[in-house]
Every structure is written in C-alpha cells, then in structure tokens.
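One structure below.
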Amino acid sequence: MGLFKRKSEKEKLQSKYEKLISESYKLSHTDRKASDLKAAEADEILRKIESLN
C-alpha cells in the first residue's frame, strides 16, 4: 500500500529546495544577506535536481 515508501533522491532534493526557498523568503523581511545565502543554496539544489533528469 506504500505506507513506508522511501523517497527517491529527486524527492528529497525537491523537499530540501522548497524548505530553503521558504526560509529565504522569511529571512528577506529581516536579513537580506542571510536570505541571499539561502537562495544561493536553493539554487544549487535546483541544479542538482535538473541534473538528475
């Protein structure tokens, strides 16, 4: 039934990407430099996801 289905590498990276983008957005209201760093990390993750395709 897929109750304990393992996430693929791509699914793990997508989850991490979404988390980083969310954190970047929240930080953009208070700390622009930290927001930019999170966005850069998210961009790196996105490149890894694209390379898997």
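By order in the structure tokens, chains are A, B, ...; within a chain, residues start at 1; ligands start at 1, following the order shown.
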According to DSSP computed on the backbone, where in chain A is there helix (DSSP H, G or I)? Give the residues as a compact mmCIF listing (two decimals) with C-alpha atoms, in the first residue's frame.
```txt
# COMPACT_ATOMS: atom_id res chain seq x y z
CA GLU A 9 16.82 11.23 -4.33
CA LYS A 10 14.90 13.68 -6.50
CA GLU A 11 12.01 13.86 -3.99
CA LYS A 12 14.46 14.51 -1.15
CA LEU A 13 16.14 17.31 -3.08
CA GLN A 14 12.80 18.88 -4.00
CA SER A 15 11.75 18.87 -0.37
CA LYS A 16 15.03 20.48 0.66
CA TYR A 17 14.69 23.06 -2.13
CA GLU A 18 11.19 24.05 -1.02
CA LYS A 19 12.36 24.39 2.59
CA LEU A 20 15.28 26.62 1.60
CA ILE A 21 13.10 28.85 -0.59
CA SER A 22 10.63 29.24 2.26
CA GLU A 23 13.39 30.15 4.71
CA SER A 24 14.86 32.59 2.20
CA TYR A 25 11.53 34.34 1.83
CA LYS A 26 11.05 34.63 5.59
CA LEU A 27 14.58 35.98 6.05
CA ARG A 32 18.85 40.35 3.31
CA LYS A 33 22.32 38.77 3.38
CA ALA A 34 21.09 35.59 5.07
CA SER A 35 18.19 35.48 2.61
CA ASP A 36 20.60 35.67 -0.32
CA LEU A 37 22.69 32.83 1.12
CA LYS A 38 19.60 30.61 1.47
CA ALA A 39 18.54 31.47 -2.08
CA ALA A 40 22.01 30.52 -3.33
CA GLU A 41 21.79 27.17 -1.52
CA ALA A 42 18.36 26.60 -3.05
CA ASP A 43 19.74 27.40 -6.50
CA GLU A 44 22.48 24.82 -6.03
CA ILE A 45 19.89 22.19 -5.03
CA LEU A 46 17.80 23.11 -8.09
CA ARG A 47 20.80 22.49 -10.34
CA LYS A 48 21.26 19.04 -8.78
CA ILE A 49 17.58 18.26 -9.41
CA GLU A 50 17.90 19.33 -13.04
CA SER A 51 20.99 17.20 -13.49
CA LEU A 52 19.06 14.12 -12.32
```
